[in-house]
>>> print(open('entry-v1.pdb').read())   # PDB, C-alpha atoms, pLDDT in the B column
ATOM      1  CA  MET A  48     -12.392  16.965  11.977  1.00 37.00           C
ATOM      2  CA  SER A  49      -9.493  14.813  10.776  1.00 39.00           C
ATOM      3  CA  THR A  50     -10.021  12.040   8.276  1.00 44.00           C
ATOM      4  CA  ASP A  51      -6.620  10.480   8.922  1.00 46.00           C
ATOM      5  CA  PRO A  52      -6.742   6.774   9.746  1.00 45.00           C
ATOM      6  CA  GLN A  53      -6.034   6.105  13.382  1.00 44.00           C
ATOM      7  CA  PRO A  54      -4.503   2.918  14.736  1.00 41.00           C
ATOM      8  CA  ALA A  55      -7.187   0.680  16.161  1.00 39.00           C
ATOM      9  CA  GLU A  56      -4.943  -0.917  18.765  1.00 39.00           C
ATOM     10  CA  GLN A  57      -1.510   0.674  18.794  1.00 38.00           C
ATOM     11  CA  GLU A  58       0.845  -1.329  20.938  1.00 44.00           C
ATOM     12  CA  SER A  59       3.376   0.390  23.130  1.00 34.00           C
ATOM     13  CA  GLY A  60       6.538   1.094  21.144  1.00 39.00           C
ATOM     14  CA  SER A  61       5.046   0.509  17.709  1.00 85.00           C
ATOM     15  CA  LEU A  62       5.711   3.067  14.996  1.00 96.00           C
ATOM     16  CA  THR A  63       3.475   4.423  12.262  1.00 97.00           C
ATOM     17  CA  LEU A  64       3.963   6.136   8.928  1.00 98.00           C
ATOM     18  CA  LEU A  65       1.588   8.480   7.100  1.00 98.00           C
ATOM     19  CA  ILE A  66       2.121   9.332   3.414  1.00 98.00           C
ATOM     20  CA  ARG A  67      -0.099  11.633   1.338  1.00 98.00           C
ATOM     21  CA  ARG A  68      -0.006  12.223  -2.414  1.00 98.00           C
ATOM     22  CA  ARG A  69      -2.436  14.117  -4.679  1.00 98.00           C
ATOM     23  CA  ILE A  70      -2.950  12.403  -8.029  1.00 98.00           C
ATOM     24  CA  LYS A  71      -4.934  13.596 -11.047  1.00 97.00           C
ATOM     25  CA  ALA A  72      -7.318  10.636 -11.204  1.00 97.00           C
ATOM     26  CA  THR A  73     -10.642   9.614  -9.730  1.00 98.00           C
ATOM     27  CA  PRO A  74     -10.852   7.412  -6.656  1.00 98.00           C
ATOM     28  CA  GLU A  75     -12.461   4.786  -8.900  1.00 98.00           C
ATOM     29  CA  ARG A  76      -9.481   4.779 -11.284  1.00 98.00           C
ATOM     30  CA  LEU A  77      -6.965   4.618  -8.448  1.00 98.00           C
ATOM     31  CA  PHE A  78      -8.851   1.839  -6.670  1.00 98.00           C
ATOM     32  CA  GLU A  79      -8.872  -0.133  -9.939  1.00 98.00           C
ATOM     33  CA  ALA A  80      -5.116   0.348 -10.468  1.00 98.00           C
ATOM     34  CA  TRP A  81      -4.482  -0.771  -6.889  1.00 98.00           C
ATOM     35  CA  THR A  82      -6.721  -3.872  -6.964  1.00 98.00           C
ATOM     36  CA  THR A  83      -6.296  -5.261 -10.499  1.00 98.00           C
ATOM     37  CA  PRO A  84      -3.151  -7.430 -10.591  1.00 98.00           C
ATOM     38  CA  ALA A  85      -2.511  -6.807 -14.315  1.00 98.00           C
ATOM     39  CA  GLN A  86      -2.408  -3.052 -13.629  1.00 98.00           C
ATOM     40  CA  PHE A  87      -0.743  -3.306 -10.228  1.00 98.00           C
ATOM     41  CA  VAL A  88       2.390  -5.025 -11.582  1.00 98.00           C
ATOM     42  CA  GLN A  89       2.901  -2.158 -14.037  1.00 98.00           C
ATOM     43  CA  TRP A  90       3.395   0.509 -11.378  1.00 98.00           C
ATOM     44  CA  TRP A  91       4.297  -1.169  -8.086  1.00 98.00           C
ATOM     45  CA  GLY A  92       7.755  -0.768  -6.631  1.00 95.00           C
ATOM     46  CA  PRO A  93      10.230   1.924  -5.756  1.00 92.00           C
ATOM     47  CA  PRO A  94      12.948   2.788  -8.310  1.00 92.00           C
ATOM     48  CA  GLY A  95      14.974  -0.266  -9.299  1.00 94.00           C
ATOM     49  CA  VAL A  96      12.395  -2.722  -7.967  1.00 96.00           C
ATOM     50  CA  GLU A  97      10.137  -4.610 -10.379  1.00 97.00           C
ATOM     51  CA  CYS A  98       6.896  -6.419  -9.619  1.00 98.00           C
ATOM     52  CA  PRO A  99       6.855  -9.611 -11.710  1.00 98.00           C
ATOM     53  CA  GLY A 100       3.755 -10.976  -9.983  1.00 97.00           C
ATOM     54  CA  ALA A 101       0.752 -10.039  -7.887  1.00 98.00           C
ATOM     55  CA  GLU A 102      -2.154 -12.172  -6.701  1.00 98.00           C
ATOM     56  CA  MET A 103      -5.270 -10.718  -5.082  1.00 98.00           C
ATOM     57  CA  ASP A 104      -8.404 -12.341  -3.729  1.00 98.00           C
ATOM     58  CA  LEU A 105     -10.279  -9.066  -3.334  1.00 98.00           C
ATOM     59  CA  GLN A 106     -12.672  -9.897  -0.516  1.00 98.00           C
ATOM     60  CA  VAL A 107     -12.537  -9.450   3.243  1.00 98.00           C
ATOM     61  CA  GLY A 108     -10.386 -12.309   4.502  1.00 98.00           C
ATOM     62  CA  GLY A 109      -8.979 -12.849   1.018  1.00 98.00           C
ATOM     63  CA  ALA A 110      -5.235 -13.144   0.586  1.00 98.00           C
ATOM     64  CA  TYR A 111      -2.852 -11.152  -1.552  1.00 98.00           C
ATOM     65  CA  ARG A 112       0.799 -11.661  -2.520  1.00 98.00           C
ATOM     66  CA  ILE A 113       3.157  -9.203  -4.203  1.00 98.00           C
ATOM     67  CA  CYS A 114       6.601 -10.017  -5.559  1.00 98.00           C
ATOM     68  CA  ASN A 115       9.356  -7.405  -5.367  1.00 97.00           C
ATOM     69  CA  ARG A 116      12.323  -8.225  -7.605  1.00 98.00           C
ATOM     70  CA  MET A 117      15.282  -6.295  -6.252  1.00 96.00           C
ATOM     71  CA  PRO A 118      18.021  -4.769  -8.427  1.00 96.00           C
ATOM     72  CA  ASP A 119      20.300  -7.731  -7.579  1.00 97.00           C
ATOM     73  CA  GLY A 120      17.658 -10.196  -8.865  1.00 97.00           C
ATOM     74  CA  ASN A 121      16.541 -11.461  -5.454  1.00 97.00           C
ATOM     75  CA  GLU A 122      12.781 -11.737  -5.021  1.00 97.00           C
ATOM     76  CA  VAL A 123      10.957 -10.749  -1.858  1.00 96.00           C
ATOM     77  CA  TRP A 124       7.315 -11.740  -1.460  1.00 97.00           C
ATOM     78  CA  ILE A 125       4.964  -9.655   0.653  1.00 98.00           C
ATOM     79  CA  GLY A 126       1.576 -10.984   1.620  1.00 98.00           C
ATOM     80  CA  GLY A 127      -1.384 -10.656   3.901  1.00 98.00           C
ATOM     81  CA  THR A 128      -5.141 -10.564   4.019  1.00 98.00           C
ATOM     82  CA  PHE A 129      -7.696  -7.910   3.258  1.00 98.00           C
ATOM     83  CA  GLU A 130      -9.335  -6.681   6.458  1.00 98.00           C
ATOM     84  CA  ARG A 131     -11.638  -4.031   4.970  1.00 98.00           C
ATOM     85  CA  ILE A 132     -12.555  -3.193   1.372  1.00 98.00           C
ATOM     86  CA  THR A 133     -14.709  -0.150   0.678  1.00 98.00           C
ATOM     87  CA  PRO A 134     -14.651   0.594  -3.076  1.00 98.00           C
ATOM     88  CA  PRO A 135     -13.524   3.071  -4.207  1.00 98.00           C
ATOM     89  CA  ALA A 136     -12.559   4.739  -0.936  1.00 98.00           C
ATOM     90  CA  GLU A 137     -10.463   2.412   1.207  1.00 98.00           C
ATOM     91  CA  LEU A 138      -8.392  -0.749   1.495  1.00 98.00           C
ATOM     92  CA  VAL A 139      -7.100  -2.143   4.794  1.00 98.00           C
ATOM     93  CA  PHE A 140      -4.804  -5.149   4.792  1.00 98.00           C
ATOM     94  CA  SER A 141      -2.192  -6.920   6.848  1.00 98.00           C
ATOM     95  CA  TRP A 142       1.394  -6.716   5.554  1.00 98.00           C
ATOM     96  CA  LYS A 143       4.202  -9.204   6.110  1.00 97.00           C
ATOM     97  CA  MET A 144       7.310 -10.181   4.236  1.00 94.00           C
ATOM     98  CA  GLU A 145       7.282 -13.936   3.689  1.00 95.00           C
ATOM     99  CA  ASN A 146      10.005 -15.997   5.385  1.00 91.00           C
ATOM    100  CA  VAL A 147      10.763 -13.206   7.873  1.00 90.00           C
ATOM    101  CA  ASP A 148       9.940 -13.812  11.523  1.00 89.00           C
ATOM    102  CA  VAL A 149       8.200 -10.556  12.445  1.00 88.00           C
ATOM    103  CA  ALA A 150       4.660  -9.691  13.466  1.00 92.00           C
ATOM    104  CA  PRO A 151       2.335  -8.596  10.637  1.00 96.00           C
ATOM    105  CA  GLU A 152       1.960  -4.891  10.055  1.00 97.00           C
ATOM    106  CA  ARG A 153      -1.200  -3.138   8.845  1.00 98.00           C
ATOM    107  CA  VAL A 154      -1.672  -0.797   5.893  1.00 98.00           C
ATOM    108  CA  THR A 155      -4.672   1.448   5.265  1.00 98.00           C
ATOM    109  CA  VAL A 156      -4.949   3.094   1.854  1.00 98.00           C
ATOM    110  CA  ARG A 157      -7.598   5.764   1.367  1.00 98.00           C
ATOM    111  CA  PHE A 158      -8.621   7.483  -1.846  1.00 98.00           C
ATOM    112  CA  GLU A 159     -10.104  10.884  -0.968  1.00 98.00           C
ATOM    113  CA  ARG A 160     -11.542  12.963  -3.835  1.00 98.00           C
ATOM    114  CA  SER A 161     -10.425  16.577  -3.895  1.00 94.00           C
ATOM    115  CA  GLY A 162     -11.823  18.343  -6.962  1.00 93.00           C
ATOM    116  CA  ALA A 163     -10.196  16.923 -10.103  1.00 93.00           C
ATOM    117  CA  GLU A 164      -7.637  15.109  -7.989  1.00 97.00           C
ATOM    118  CA  THR A 165      -7.630  12.363  -5.421  1.00 98.00           C
ATOM    119  CA  GLU A 166      -5.473  12.364  -2.339  1.00 98.00           C
ATOM    120  CA  VAL A 167      -3.999   8.940  -1.759  1.00 98.00           C
ATOM    121  CA  VAL A 168      -3.379   8.446   1.953  1.00 98.00           C
ATOM    122  CA  VAL A 169      -1.204   5.508   3.021  1.00 98.00           C
ATOM    123  CA  PHE A 170      -1.127   4.768   6.745  1.00 98.00           C
ATOM    124  CA  HIS A 171       1.332   1.991   7.648  1.00 98.00           C
ATOM    125  CA  GLU A 172       1.257   0.894  11.268  1.00 97.00           C
ATOM    126  CA  ARG A 173       2.840  -1.636  13.624  1.00 96.00           C
ATOM    127  CA  LEU A 174       6.323  -0.907  12.302  1.00 96.00           C
ATOM    128  CA  ALA A 175       9.021  -2.567  14.391  1.00 92.00           C
ATOM    129  CA  ASN A 176      11.682   0.147  14.409  1.00 93.00           C
ATOM    130  CA  GLU A 177      12.929   3.389  12.847  1.00 95.00           C
ATOM    131  CA  ALA A 178      14.925   1.543  10.178  1.00 94.00           C
ATOM    132  CA  ALA A 179      11.796  -0.280   8.996  1.00 93.00           C
ATOM    133  CA  ARG A 180       9.855   2.982   9.064  1.00 96.00           C
ATOM    134  CA  ALA A 181      12.463   4.747   6.911  1.00 96.00           C
ATOM    135  CA  GLN A 182      12.599   1.847   4.455  1.00 95.00           C
ATOM    136  CA  HIS A 183       8.815   1.809   4.088  1.00 96.00           C
ATOM    137  CA  GLU A 184       8.691   5.580   3.708  1.00 97.00           C
ATOM    138  CA  ALA A 185      11.089   5.452   0.752  1.00 96.00           C
ATOM    139  CA  GLY A 186       9.217   2.468  -0.664  1.00 96.00           C
ATOM    140  CA  TRP A 187       5.783   4.078  -0.478  1.00 98.00           C
ATOM    141  CA  PHE A 188       6.999   7.326  -2.044  1.00 97.00           C
ATOM    142  CA  GLY A 189       8.592   5.301  -4.852  1.00 97.00           C
ATOM    143  CA  CYS A 190       5.444   3.254  -5.400  1.00 98.00           C
ATOM    144  CA  LEU A 191       3.268   6.356  -5.574  1.00 98.00           C
ATOM    145  CA  ASP A 192       5.697   7.898  -8.090  1.00 97.00           C
ATOM    146  CA  GLY A 193       5.245   4.736 -10.155  1.00 97.00           C
ATOM    147  CA  LEU A 194       1.473   4.993  -9.880  1.00 98.00           C
ATOM    148  CA  VAL A 195       1.554   8.600 -11.125  1.00 97.00           C
ATOM    149  CA  ALA A 196       3.766   7.574 -14.072  1.00 97.00           C
ATOM    150  CA  PHE A 197       1.462   4.611 -14.857  1.00 97.00           C
ATOM    151  CA  LEU A 198      -1.578   6.890 -14.955  1.00 97.00           C
ATOM    152  CA  GLY A 199       0.250   9.362 -17.173  1.00 91.00           C
ATOM    153  CA  ASP A 200       0.083  12.349 -14.820  1.00 59.00           C
TER     154      ASP A 200
END
>>> encode(input="entry-v1.pdb", output="structure tokens")
Amino acid sequence: MSTDPQPAEQESGSLTLLIRRRIKATPERLFEAWTTPAQFVQWWGPPGVECPGAEMDLQVGGAYRICNRMPDGNEVWIGGTFERITPPAELVFSWKMENVDVAPERVTVRFERSGAETEVVVFHERLANEAARAQHEAGWFGCLDGLVAFLGD
């Protein structure tokens, strides 16, 4: 039986991305790092990208905003709403870059205990095209590298 998230309503032509990473931490610790803005800003972002600000209203229907400061100094804000919150196992939220006219995407993050480690599973769906998929893939791998470094693994 697979525990991979499955798209609830995958539209024709939409793309998905599945990333897995084992991290030496408990689901509780990872959930905390992912949902506490003061911790989140310390690890979020692929190489060269800083996170100078994060806001989270951690409740179903609550909004979040994340700032990505690019190497050239430009800031890109990403935001959305929490659709499902199941501590410490799962977060589901919409995902949209502000000031960009595209449909919102959806991200599911699961924290699955595996002995002394936890497998972090990121499922990003409703991606518009292969270029967006490749960009998100590099971004998620970079963010998870930052999370590992933050936790001292």
>>> resolve_selection(input="entry-v1.pdb", expression="the PyMOL selection byres ((chain A and resi 167) around 6)", output="PDB file with C-alpha atoms, keeping the file's coordinate frame")
ATOM      1  CA  ARG A  67      -0.099  11.633   1.338  1.00 98.00           C
ATOM      2  CA  ARG A  68      -0.006  12.223  -2.414  1.00 98.00           C
ATOM      3  CA  ARG A 157      -7.598   5.764   1.367  1.00 98.00           C
ATOM      4  CA  PHE A 158      -8.621   7.483  -1.846  1.00 98.00           C
ATOM      5  CA  GLU A 166      -5.473  12.364  -2.339  1.00 98.00           C
ATOM      6  CA  VAL A 168      -3.379   8.446   1.953  1.00 98.00           C
TER       7      VAL A 168
END
>>> closest_atom_pairs(input="entry-v1.pdb", of="stretch 76-103 of chain A", to="stretch 134-141 of chain A", cutoff="10 Å", atoms="all atoms listed in the file", output="JSON lines")
{"residue": "A:Arg76", "atom": "CA", "partner": "A:Pro135", "partner_atom": "CA", "distance": 8.3}
{"residue": "A:Leu77", "atom": "CA", "partner": "A:Pro135", "partner_atom": "CA", "distance": 8.0}
{"residue": "A:Phe78", "atom": "CA", "partner": "A:Pro135", "partner_atom": "CA", "distance": 5.4}
{"residue": "A:Glu79", "atom": "CA", "partner": "A:Pro135", "partner_atom": "CA", "distance": 8.0}
{"residue": "A:Trp81", "atom": "CA", "partner": "A:Leu138", "partner_atom": "CA", "distance": 9.3}
{"residue": "A:Thr82", "atom": "CA", "partner": "A:Leu138", "partner_atom": "CA", "distance": 9.2}
>>> residues_around(input="entry-v1.pdb", residues="A:Val123", least_positions_apart="2", cutoff="8 Å", atoms="all atoms listed in the file", output="compact mmCIF listing (two decimals) with C-alpha atoms, keeping the file's coordinate frame")
# COMPACT_ATOMS: atom_id res chain seq x y z
CA CYS A 114 6.60 -10.02 -5.56
CA ASN A 115 9.36 -7.40 -5.37
CA ARG A 116 12.32 -8.22 -7.60
CA MET A 117 15.28 -6.30 -6.25
CA ASN A 121 16.54 -11.46 -5.45
CA ILE A 125 4.96 -9.65 0.65
CA MET A 144 7.31 -10.18 4.24
CA GLU A 145 7.28 -13.94 3.69
>>> closest_residue(input="entry-v1.pdb", among="A:Pro151, A:Gly100, A:Gly120, A:Gly126", to="A:Gln86", atoms="only C-alpha atoms")
A:Gly100
>>> closest_residue(input="entry-v1.pdb", among="A:Asn176, A:Gly186, A:Trp90, A:Arg160", to="A:Ala72", atoms="all atoms listed in the file")
A:Arg160
>>> atom_distance(input="entry-v1.pdb", atom1="atom CA of A:His183", atom2="atom CA of A:Gly162")
28.7 Å
>>> residues_around(input="entry-v1.pdb", residues="A:Gly108", least_positions_apart="4", cutoff="8 Å", atoms="all atoms listed in the file", output="PyMOL selection string")
chain A and resi 128-130
>>> atom_distance(input="entry-v1.pdb", atom1="atom CA of A:Ile113", atom2="atom CA of A:Glu164")
26.9 Å
>>> atom_distance(input="entry-v1.pdb", atom1="atom CA of A:Asp104", atom2="atom CA of A:Trp142")
14.6 Å
>>> resolve_selection(input="entry-v1.pdb", expression="the PyMOL selection byres ((chain A and resi 173) around 8)", output="JSON, numbers by chain")
{"A": [57, 58, 61, 62, 63, 151, 152, 153, 171, 172, 174, 175]}
>>> write_last_selection(input="entry-v1.pdb", atoms="C-alpha atoms", output="mmCIF file, in the frame of the given file")
data_model
loop_
_atom_site.group_PDB
_atom_site.id
_atom_site.type_symbol
_atom_site.label_atom_id
_atom_site.label_comp_id
_atom_site.auth_asym_id
_atom_site.auth_seq_id
_atom_site.Cartn_x
_atom_site.Cartn_y
_atom_site.Cartn_z
ATOM 1 C CA GLN A 57 -1.510 0.674 18.794
ATOM 2 C CA GLU A 58 0.845 -1.329 20.938
ATOM 3 C CA SER A 61 5.046 0.509 17.709
ATOM 4 C CA LEU A 62 5.711 3.067 14.996
ATOM 5 C CA THR A 63 3.475 4.423 12.262
ATOM 6 C CA PRO A 151 2.335 -8.596 10.637
ATOM 7 C CA GLU A 152 1.960 -4.891 10.055
ATOM 8 C CA ARG A 153 -1.200 -3.138 8.845
ATOM 9 C CA HIS A 171 1.332 1.991 7.648
ATOM 10 C CA GLU A 172 1.257 0.894 11.268
ATOM 11 C CA LEU A 174 6.323 -0.907 12.302
ATOM 12 C CA ALA A 175 9.021 -2.567 14.391
#
>>> closest_residue(input="entry-v1.pdb", among="A:Val169, A:Ala163, A:Glu75, A:Trp124", to="A:Cys98", atoms="all atoms listed in the file")
A:Trp124
>>> closest_residue(input="entry-v1.pdb", among="A:Ala85, A:Glu159, A:Pro74, A:Trp91", to="A:Asp192", atoms="all atoms listed in the file")
A:Trp91
>>> residues_around(input="entry-v1.pdb", residues="A:Gly189", least_positions_apart="6", cutoff="12 Å", atoms="all atoms listed in the file", output="list of chain:residue names")
A:Ile66, A:Arg68, A:Trp90, A:Trp91, A:Gly92, A:Pro93, A:Pro94, A:Gly95, A:Val96, A:Glu97, A:Gln182, A:His183, A:Val195, A:Ala196
>>> closest_residue(input="entry-v1.pdb", among="A:Glu122, A:Thr133, A:Gln106, A:Leu65", to="A:Val154", atoms="all atoms listed in the file")
A:Leu65
>>> closest_residue(input="entry-v1.pdb", among="A:Arg69, A:Arg131, A:Arg112, A:Lys143", to="A:Phe188", atoms="only C-alpha atoms")
A:Arg69
